Structures are given as C-alpha cells and as structure tokens.
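Asks: Have a peek at target36.txt (compact mmCIF, C-alpha atoms).
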# COMPACT_ATOMS: atom_id res chain seq x y z
CA MET O 1 0.00 0.00 0.00
CA THR O 2 1.04 3.58 -0.61
CA ASP O 3 1.93 5.50 2.51
CA VAL O 4 -0.58 8.35 2.42
CA SER O 5 1.21 10.28 5.14
CA ALA O 6 4.30 10.50 2.96
CA LYS O 7 2.34 12.60 0.52
CA CYS O 8 1.37 15.20 3.07
CA HIS O 9 3.71 18.19 3.03
CA PRO O 10 3.94 20.57 5.97
CA PRO O 11 2.98 24.15 5.16
CA GLU O 12 5.90 26.16 3.80
CA LEU O 13 6.68 29.45 5.49
CA PHE O 14 8.17 30.94 2.35
CA PRO O 15 7.22 30.44 -1.28
CA SER O 16 9.35 28.10 -3.38
CA PRO O 17 11.68 29.57 -6.04
CA MET O 18 9.28 28.36 -8.75
CA LEU O 19 6.34 30.06 -7.02
CA LYS O 20 8.38 33.26 -6.64
CA GLU O 21 9.16 33.21 -10.36
CA ARG O 22 5.49 32.72 -11.18
CA LEU O 23 4.44 35.59 -8.93
CA LEU O 24 7.05 37.92 -10.43
CA VAL O 25 5.65 37.21 -13.90
CA LEU O 26 2.04 37.63 -12.78
CA ILE O 27 2.62 41.04 -11.20
CA PRO O 28 2.90 42.83 -14.57
CA LEU O 29 0.79 40.36 -16.57
CA ILE O 30 -2.45 40.65 -14.60
CA PRO O 31 -2.72 44.48 -14.81
CA ALA O 32 -1.86 44.28 -18.52
CA ALA O 33 -4.56 41.66 -19.10
CA VAL O 34 -7.13 43.71 -17.18
CA ALA O 35 -6.21 46.83 -19.17
CA LEU O 36 -6.73 44.95 -22.45
CA VAL O 37 -10.10 43.62 -21.32
CA VAL O 38 -11.25 47.10 -20.28
CA ALA O 39 -9.95 48.66 -23.50
CA GLY O 40 -11.81 46.19 -25.73
CA GLY O 41 -12.11 46.94 -29.43
CA TRP O 42 -9.27 46.21 -31.81
CA LEU O 43 -6.64 46.31 -29.06
CA PHE O 44 -8.30 43.44 -27.20
CA THR O 45 -9.05 41.58 -30.44
CA ILE O 46 -5.42 41.74 -31.57
CA ALA O 47 -4.35 40.38 -28.19
CA VAL O 48 -6.80 37.47 -28.56
CA ILE O 49 -5.63 36.80 -32.15
CA LEU O 50 -2.01 36.71 -31.01
CA MET O 51 -2.85 34.49 -28.05
CA LEU O 52 -4.71 31.95 -30.17
CA ALA O 53 -2.07 31.98 -32.90
CA LEU O 54 0.68 31.27 -30.34
CA ALA O 55 -1.40 28.52 -28.74
CA GLY O 56 -1.87 27.02 -32.21
CA TRP O 57 1.88 27.08 -32.76
CA GLU O 58 2.41 25.32 -29.42
CA TYR O 59 -0.20 22.70 -30.34
CA TRP O 60 1.63 22.12 -33.65
CA ARG O 61 4.94 21.93 -31.79
CA MET O 62 3.68 19.28 -29.39
CA PHE O 63 2.44 16.97 -32.13
CA THR O 64 5.48 17.41 -34.36
CA ARG O 65 7.63 16.32 -31.42
CA GLY O 66 5.54 13.16 -31.33
CA GLY O 67 6.37 12.35 -34.94
CA TYR O 68 3.23 13.75 -36.59
CA ARG O 69 3.12 16.44 -39.25
CA PRO O 70 0.06 18.65 -38.73
CA SER O 71 -0.21 21.89 -40.68
CA ALA O 72 1.36 24.85 -38.91
CA PHE O 73 -0.53 27.16 -41.25
CA ILE O 74 -3.94 25.72 -40.32
CA LEU O 75 -3.15 25.61 -36.60
CA VAL O 76 -1.91 29.21 -36.47
CA ALA O 77 -4.05 30.94 -39.11
CA GLY O 78 -7.25 28.95 -38.45
CA PRO O 79 -7.89 30.09 -34.84
CA ALA O 80 -6.66 33.62 -35.60
CA SER O 81 -8.97 33.98 -38.61
CA LEU O 82 -11.98 32.75 -36.64
CA ALA O 83 -11.30 35.40 -33.98
CA VAL O 84 -11.26 38.06 -36.70
CA LEU O 85 -14.49 36.69 -38.17
CA ARG O 86 -16.15 36.70 -34.75
CA TYR O 87 -15.13 40.32 -34.20
CA PHE O 88 -16.61 41.57 -37.47
CA TYR O 89 -19.57 39.26 -38.02
CA LYS O 90 -20.33 37.62 -34.65
CA PHE O 91 -21.66 34.14 -35.49
CA GLU O 92 -22.40 34.78 -39.16
CA PHE O 93 -20.38 33.05 -41.89
CA VAL O 94 -18.96 30.46 -39.49
CA ASP O 95 -20.20 27.71 -41.82
CA ILE O 96 -18.24 29.28 -44.68
CA TRP O 97 -15.13 29.42 -42.47
CA LEU O 98 -15.54 25.73 -41.64
CA VAL O 99 -15.91 24.74 -45.29
CA VAL O 100 -12.81 26.74 -46.26
CA VAL O 101 -10.74 25.29 -43.41
CA LEU O 102 -11.86 21.75 -44.25
CA PHE O 103 -10.99 22.21 -47.92
CA ILE O 104 -7.56 23.77 -47.29
CA THR O 105 -6.64 21.27 -44.56
CA LEU O 106 -7.48 18.29 -46.74
CA ALA O 107 -5.61 19.78 -49.70
CA ILE O 108 -2.50 20.40 -47.59
CA HIS O 109 -2.36 16.87 -46.21
CA LEU O 110 -3.19 15.27 -49.54
CA PHE O 111 -0.21 17.12 -50.99
CA GLU O 112 1.92 15.95 -48.04
CA TYR O 113 0.81 12.37 -48.64
CA GLU O 114 1.76 12.56 -52.31
CA ALA O 115 5.14 13.92 -51.19
CA GLY O 116 5.72 10.79 -49.11
CA SER O 117 4.27 11.52 -45.65
CA GLN O 118 3.17 8.38 -43.80
CA THR O 119 0.95 10.17 -41.26
CA SER O 120 -1.17 12.38 -43.52
CA ALA O 121 -4.52 10.80 -42.62
CA LEU O 122 -3.89 11.34 -38.89
CA ASP O 123 -2.34 14.74 -39.53
CA PHE O 124 -5.57 15.89 -41.19
CA GLY O 125 -7.52 15.13 -38.00
CA ILE O 126 -4.86 16.71 -35.78
CA SER O 127 -4.79 19.92 -37.82
CA LEU O 128 -8.56 20.22 -38.07
CA GLY O 129 -9.15 19.27 -34.45
CA GLY O 130 -6.63 21.80 -33.15
CA ALA O 131 -7.96 24.63 -35.32
CA LEU O 132 -11.52 23.94 -34.19
CA TYR O 133 -10.66 23.44 -30.53
CA LEU O 134 -8.53 26.56 -30.17
CA GLY O 135 -10.39 28.75 -32.66
CA TRP O 136 -14.00 27.84 -31.98
CA LEU O 137 -13.68 28.08 -28.21
CA GLY O 138 -11.11 30.89 -28.18
CA ALA O 139 -13.28 33.15 -30.34
CA TYR O 140 -15.73 33.37 -27.43
CA PHE O 141 -13.29 35.82 -25.83
CA ILE O 142 -14.49 38.22 -28.53
CA SER O 143 -18.15 37.24 -28.12
CA ILE O 144 -18.32 37.77 -24.37
CA ARG O 145 -16.32 41.00 -24.49
CA ASN O 146 -18.67 42.48 -27.08
CA ILE O 147 -21.91 41.99 -25.14
CA PRO O 148 -23.22 44.90 -23.02
CA HIS O 149 -20.90 45.34 -20.03
CA GLY O 150 -18.80 42.54 -21.49
CA GLU O 151 -15.63 43.80 -19.85
CA TRP O 152 -17.14 43.25 -16.39
CA TRP O 153 -18.52 39.83 -17.29
CA LEU O 154 -15.11 38.77 -18.59
CA LEU O 155 -13.49 40.17 -15.44
CA LEU O 156 -15.78 37.87 -13.50
CA VAL O 157 -15.29 34.79 -15.69
CA LEU O 158 -11.48 34.82 -15.77
CA PRO O 159 -10.95 35.52 -12.04
CA SER O 160 -13.35 32.66 -11.31
CA ILE O 161 -10.82 30.32 -12.91
CA TRP O 162 -7.83 31.98 -11.29
CA ILE O 163 -9.42 31.84 -7.85
CA ALA O 164 -10.47 28.21 -8.24
CA ASP O 165 -6.97 27.28 -9.43
CA GLY O 166 -5.39 29.12 -6.51
CA GLY O 167 -7.69 27.48 -3.97
CA ALA O 168 -7.15 24.06 -5.51
CA TYR O 169 -3.37 24.52 -5.39
CA ALA O 170 -3.34 25.74 -1.78
CA ILE O 171 -5.60 22.97 -0.47
CA GLY O 172 -4.35 20.18 -2.69
CA ARG O 173 -0.69 20.83 -1.94
CA HIS O 174 -1.14 20.04 1.74
CA LEU O 175 -4.31 17.97 1.97
CA GLY O 176 -4.53 16.26 -1.41
CA PHE O 177 -4.46 12.47 -1.15
CA HIS O 178 -7.03 11.18 -3.65
CA LYS O 179 -5.98 11.63 -7.27
CA ILE O 180 -8.43 12.85 -9.90
CA SER O 181 -6.43 11.66 -12.91
CA ARG O 182 -3.42 9.46 -12.22
CA ARG O 183 -2.27 9.43 -15.84
CA ALA O 184 -3.06 12.89 -17.23
CA SER O 185 -2.40 15.04 -14.15
CA PRO O 186 -1.27 13.06 -11.08
CA ASN O 187 -0.73 16.20 -8.97
CA LYS O 188 -4.42 17.10 -8.98
CA SER O 189 -6.52 15.77 -6.13
CA TRP O 190 -10.19 15.64 -5.26
CA GLU O 191 -9.44 17.56 -2.07
CA GLY O 192 -7.84 20.36 -4.11
CA TYR O 193 -10.74 20.30 -6.57
CA ILE O 194 -13.26 20.75 -3.74
CA GLY O 195 -11.05 23.42 -2.18
CA GLY O 196 -11.04 25.36 -5.44
CA LEU O 197 -14.80 25.01 -5.74
CA VAL O 198 -15.36 26.35 -2.21
CA THR O 199 -12.88 29.19 -2.74
CA ALA O 200 -14.66 30.27 -5.94
CA ALA O 201 -18.06 29.99 -4.25
CA ILE O 202 -16.88 32.39 -1.55
CA CYS O 203 -14.93 34.88 -3.63
CA CYS O 204 -16.88 35.15 -6.89
CA PRO O 205 -20.02 36.67 -5.29
CA LEU O 206 -17.77 39.31 -3.71
CA ILE O 207 -16.25 40.17 -7.09
CA ALA O 208 -19.74 40.30 -8.62
CA MET O 209 -20.82 42.65 -5.84
CA MET O 210 -18.03 45.07 -6.81
CA TRP O 211 -18.76 44.86 -10.54
CA GLN O 212 -22.47 45.42 -9.87
CA LEU O 213 -21.61 49.07 -9.20
CA ARG O 214 -20.74 49.36 -12.92
CA ALA O 215 -23.00 46.66 -14.37
CA PRO O 216 -26.27 46.27 -12.41
CA GLU O 217 -27.12 42.94 -14.07
CA ILE O 218 -24.06 41.30 -12.46
CA THR O 219 -25.40 40.21 -9.09
CA PRO O 220 -23.74 38.21 -6.28
CA ILE O 221 -26.08 35.27 -6.98
CA LYS O 222 -24.96 35.20 -10.60
CA GLY O 223 -21.36 35.43 -9.40
CA LEU O 224 -21.94 32.42 -7.16
CA VAL O 225 -23.56 30.38 -9.94
CA LEU O 226 -20.87 31.33 -12.43
CA GLY O 227 -18.02 30.56 -10.03
CA VAL O 228 -19.44 27.17 -9.05
CA ILE O 229 -20.24 26.06 -12.62
CA LEU O 230 -16.86 27.11 -13.98
CA SER O 231 -15.04 25.47 -11.07
CA LEU O 232 -16.96 22.25 -11.64
CA VAL O 233 -16.50 21.99 -15.40
CA CYS O 234 -13.41 23.86 -16.55
CA ILE O 235 -10.96 21.45 -14.97
CA LEU O 236 -11.65 19.31 -18.06
CA GLY O 237 -9.79 21.84 -20.18
CA ASP O 238 -6.79 21.60 -17.88
CA LEU O 239 -6.87 17.80 -17.85
CA GLY O 240 -7.29 17.68 -21.62
CA GLU O 241 -4.14 19.70 -22.25
CA SER O 242 -2.30 17.65 -19.61
CA MET O 243 -3.28 14.53 -21.57
CA PHE O 244 -1.51 15.94 -24.64
CA LYS O 245 1.61 16.75 -22.66
CA ARG O 246 1.74 13.38 -20.90
CA TYR O 247 1.23 11.58 -24.20
CA PHE O 248 4.25 13.35 -25.68
CA ASN O 249 6.21 13.32 -22.40
CA ILE O 250 6.71 17.08 -22.17
CA LYS O 251 6.30 19.33 -19.14
CA ASP O 252 4.98 22.49 -20.83
CA SER O 253 3.58 23.40 -24.22
CA SER O 254 6.49 25.88 -24.59
CA ASN O 255 8.65 28.21 -22.51
CA LEU O 256 7.16 31.50 -23.66
CA ILE O 257 6.11 32.58 -20.15
CA PRO O 258 8.84 32.10 -17.51
CA GLY O 259 7.63 29.91 -14.66
CA HIS O 260 4.29 29.27 -16.36
CA GLY O 261 5.17 27.36 -19.52
CA GLY O 262 3.35 28.29 -22.69
CA ILE O 263 0.23 30.14 -23.78
CA PHE O 264 -1.71 26.89 -24.14
CA ASP O 265 -0.76 26.00 -20.55
CA ARG O 266 -2.34 29.23 -19.33
CA ILE O 267 -5.51 29.26 -21.41
CA ASP O 268 -6.45 25.55 -21.25
CA SER O 269 -9.21 26.22 -18.69
CA TRP O 270 -10.06 29.66 -20.09
CA LEU O 271 -11.04 28.03 -23.39
CA TRP O 272 -13.86 26.29 -21.54
CA ALA O 273 -14.70 29.18 -19.21
CA VAL O 274 -15.42 31.86 -21.81
CA PRO O 275 -18.02 29.89 -23.87
CA ILE O 276 -19.78 28.74 -20.70
CA GLY O 277 -19.68 32.26 -19.31
CA TYR O 278 -21.01 33.68 -22.56
CA TYR O 279 -24.00 31.33 -22.71
CA LEU O 280 -24.80 31.91 -19.05
CA THR O 281 -24.98 35.66 -19.75
CA GLN O 282 -27.36 34.94 -22.65
CA PHE O 283 -29.51 32.74 -20.41
CA TRP O 284 -29.73 35.53 -17.83
CA LYS O 285 -30.89 38.15 -20.35
Produce structure tokens that represent the structure in this file.

Replies:
Amino acid sequence: MTDVSAKCHPPELFPSPMLKERLLVLIPLIPAAVALVVAGGWLFTIAVILMLALAGWEYWRMFTRGGYRPSAFILVAGPASLAVLRYFYKFEFVDIWLVVVLFITLAIHLFEYEAGSQTSALDFGISLGGALYLGWLGAYFISIRNIPHGEWWLLLVLPSIWIADGGAYAIGRHLGFHKISRRASPNKSWEGYIGGLVTAAICCPLIAMMWQLRAPEITPIKGLVLGVILSLVCILGDLGESMFKRYFNIKDSSNLIPGHGGIFDRIDSWLWAVPIGYYLTQFWK
C-alpha cells in the first residue's frame, strides 16, 4: 500500500523559487490583461488573435515532437482567422469558415501524402481538431467581451478560474491524497478540486458585488452560480491539455512565459470558461 502520510507536506513558510518566479511574472501580466479587457475593441481583439495563434503554434509543436506532421498554417491561421471573423460578423459566416478550413486542410495533407508523408490521414484530424478546438472556443473571448458590459462579465469569468486554481493549489498541496487523474495530471486531487470550488463559491459573489456598481445585471447570486459552474467543469480543459503533454512526455507546451510554460498551458481552462460564461450571460438576459 502507498503511505498516504508520505504525501502530506507541511505548510511552507516561504514560497518556493518556482512560485516566486510565477508571482514575479504575474505582477505585470495581470494588470496588462485587465487593461486589455477594459480597452476592448481592436486592441483586445489583436491580443486574442495573437494568443490563439501562439497557442496554435504550441499545439503544432507538441504533435510534431511526437512524430506527426500537422499543418502549422492551419493551426496558427485557423484560430486567428476565426477570432477576426467573430469580431466583425459575430456568429455569421462560421459555416463558410468551416468549409474553407476543411478544404484547405485536406488539400495540404493530400499534398503531403503525395510527397511521401506516412501520417497524412492522422495529420488531417490533428490539424482540423486543433484549429476547431482553439479557434471555436477561443473566439468566445471576442463574443463575451462584445456583449453589453462585457468587460465586467469577462473580469468575472477569468478571475473565477484563477481563484479556483489558486484554492485548488493551496488545499491540494497540503491535503490532497485522492488523485483525480493518475495518468493525465497526477498532482491534482479531489481535495484540491473541492477546495477550489469552495474558494470560488466564496470569492466570486464578492467580485460580482463590486462589478455590480458598474453593471447592475451582475449580481452576487450570478457570481456564485458562475463561479461554481466554472469550477466544476473547466478542470476538463486543464486535464485535456495535460493529456496531450503526458502523451508526448513534455512538461509544458512551450517556454514563452517564464515559470508558467506556454500560452496553451495558461488558457487551457479559459477556453472552456469563456463559452460557458457567454452562454450563461445569454440565459440571464
């Protein structure tokens, strides 16, 4: 049997060097992110386009390291173009975008197959799946920001994830014994998951109460519901990206953000949070 007590770490009085590095990076990043959300418009849209394009590059990089040959063009340009389309036309013409991406992706991998590639059939699915996953979900950053008082809704959705992650880390680090996913993410525990859920349930209504001064429709009850739902569901985005990394035996999707890994590492849960947050706001209309 595994000695459970051996897994229990006493509370640390001082943050670890890795945690210090993460905090030093977050200090300028969080105000910059908040400023972009508040600014909205093209400035925010360009930031989202860049974020999704970099995540697409990291996705391509992971699979090429595993011996596959997905299309870098589709994985970078596909999500970025869908964000642009969402900004200008909301949900119109998405079917045209899908047809174009399908056509180009198949053409690229058919050409690769004729050139001698042995993985073209799988590469087609990898390219298309990545473009859809990152682009379709990531474009909801634009959708939620562009609704009335969208900046305040987004500044409730994203902190819900950050708070849940922080609570899960704090509780799970010292009290986490029961693993959620032994293969994909063995450091995550049910105790940490519940700790994150409780933390979000406490803090998100308080954030909503502050934002209600600017956006009356954002109430503490809605903050509670949003925080609980996102905490319950969005861990799947985190576990999904961890599955990719474990499969290819890599620690991070890239090293673009010191102490945090890559863009995909940071937005894995956000990609689930923003569509759910968007549709909750539509339900509450």

Asks: In the coordinate frame of the file, compute which residues have an atom within 9 Å of (-17.2, 42.6, -8.3) when using all atoms listed in the file, and state them as a list in words.

Replies: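 Nearby residues: Trp152, Leu155, Leu156, Cys204, Pro205, Leu206, Ile207, Ala208, Met209, Met210, Trp211, Gln212, Leu213, Arg214, Ile218, Thr219, Pro220 and Gly223 of chain O.
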
Asks: Show which residues sit within 12 Å of Leu36 (chain O), as a PyMOL selection string. Count only C-alpha atoms, and ignore same-chain residues fewer than 2 positions away.

Replies: chain O and resi 29-34+38-48+141-142+145+151+154-155

Asks: List the neighbours of Met51 (chain O) out to 12 Å using all atoms listed in the file; skip same-chain residues closer than 5 positions along the sequence, and give me the result as number ranges by chain.

Replies: O: 33, 44-46, 56-58, 76-77, 79-80, 83, 134-135, 138-139, 141, 256, 262-268, 270-271

Asks: Report, as AutoDock Vina command-line options, the centre and edge lengths in Å (one decimal) of the axis-aligned box enclosing every listed atom of region 61-72 of chain O, padded by 3 Å on each side.

Replies:
--center_x 3.7 --center_y 18.6 --center_z -35.0 --size_x 13.8 --size_y 18.5 --size_z 17.3

Asks: Report, in Å with one decimal, the straight-line distance from CA of Trp153 (chain O) to CA of Phe88 (chain O).

Replies: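 Value for the CA of Trp153 (chain O)-CA of Phe88 (chain O) distance: 20.3 Å.
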
Asks: Which is closest to Leu158 (chain O) among O:Ala121, O:Val37, O:Leu102, O:Leu52, if we use all atoms listed in the file?

Replies: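 Among the listed residues, O:Val37 lies closest to Leu158 (chain O).
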
Asks: Quick check, in Å to one decimal: how far apart do CA of Ser120 (chain O) and CA of Arg69 (chain O) lie?

Replies: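 Between CA of Ser120 (chain O) and CA of Arg69 (chain O) the gap works out to 7.3 Å.
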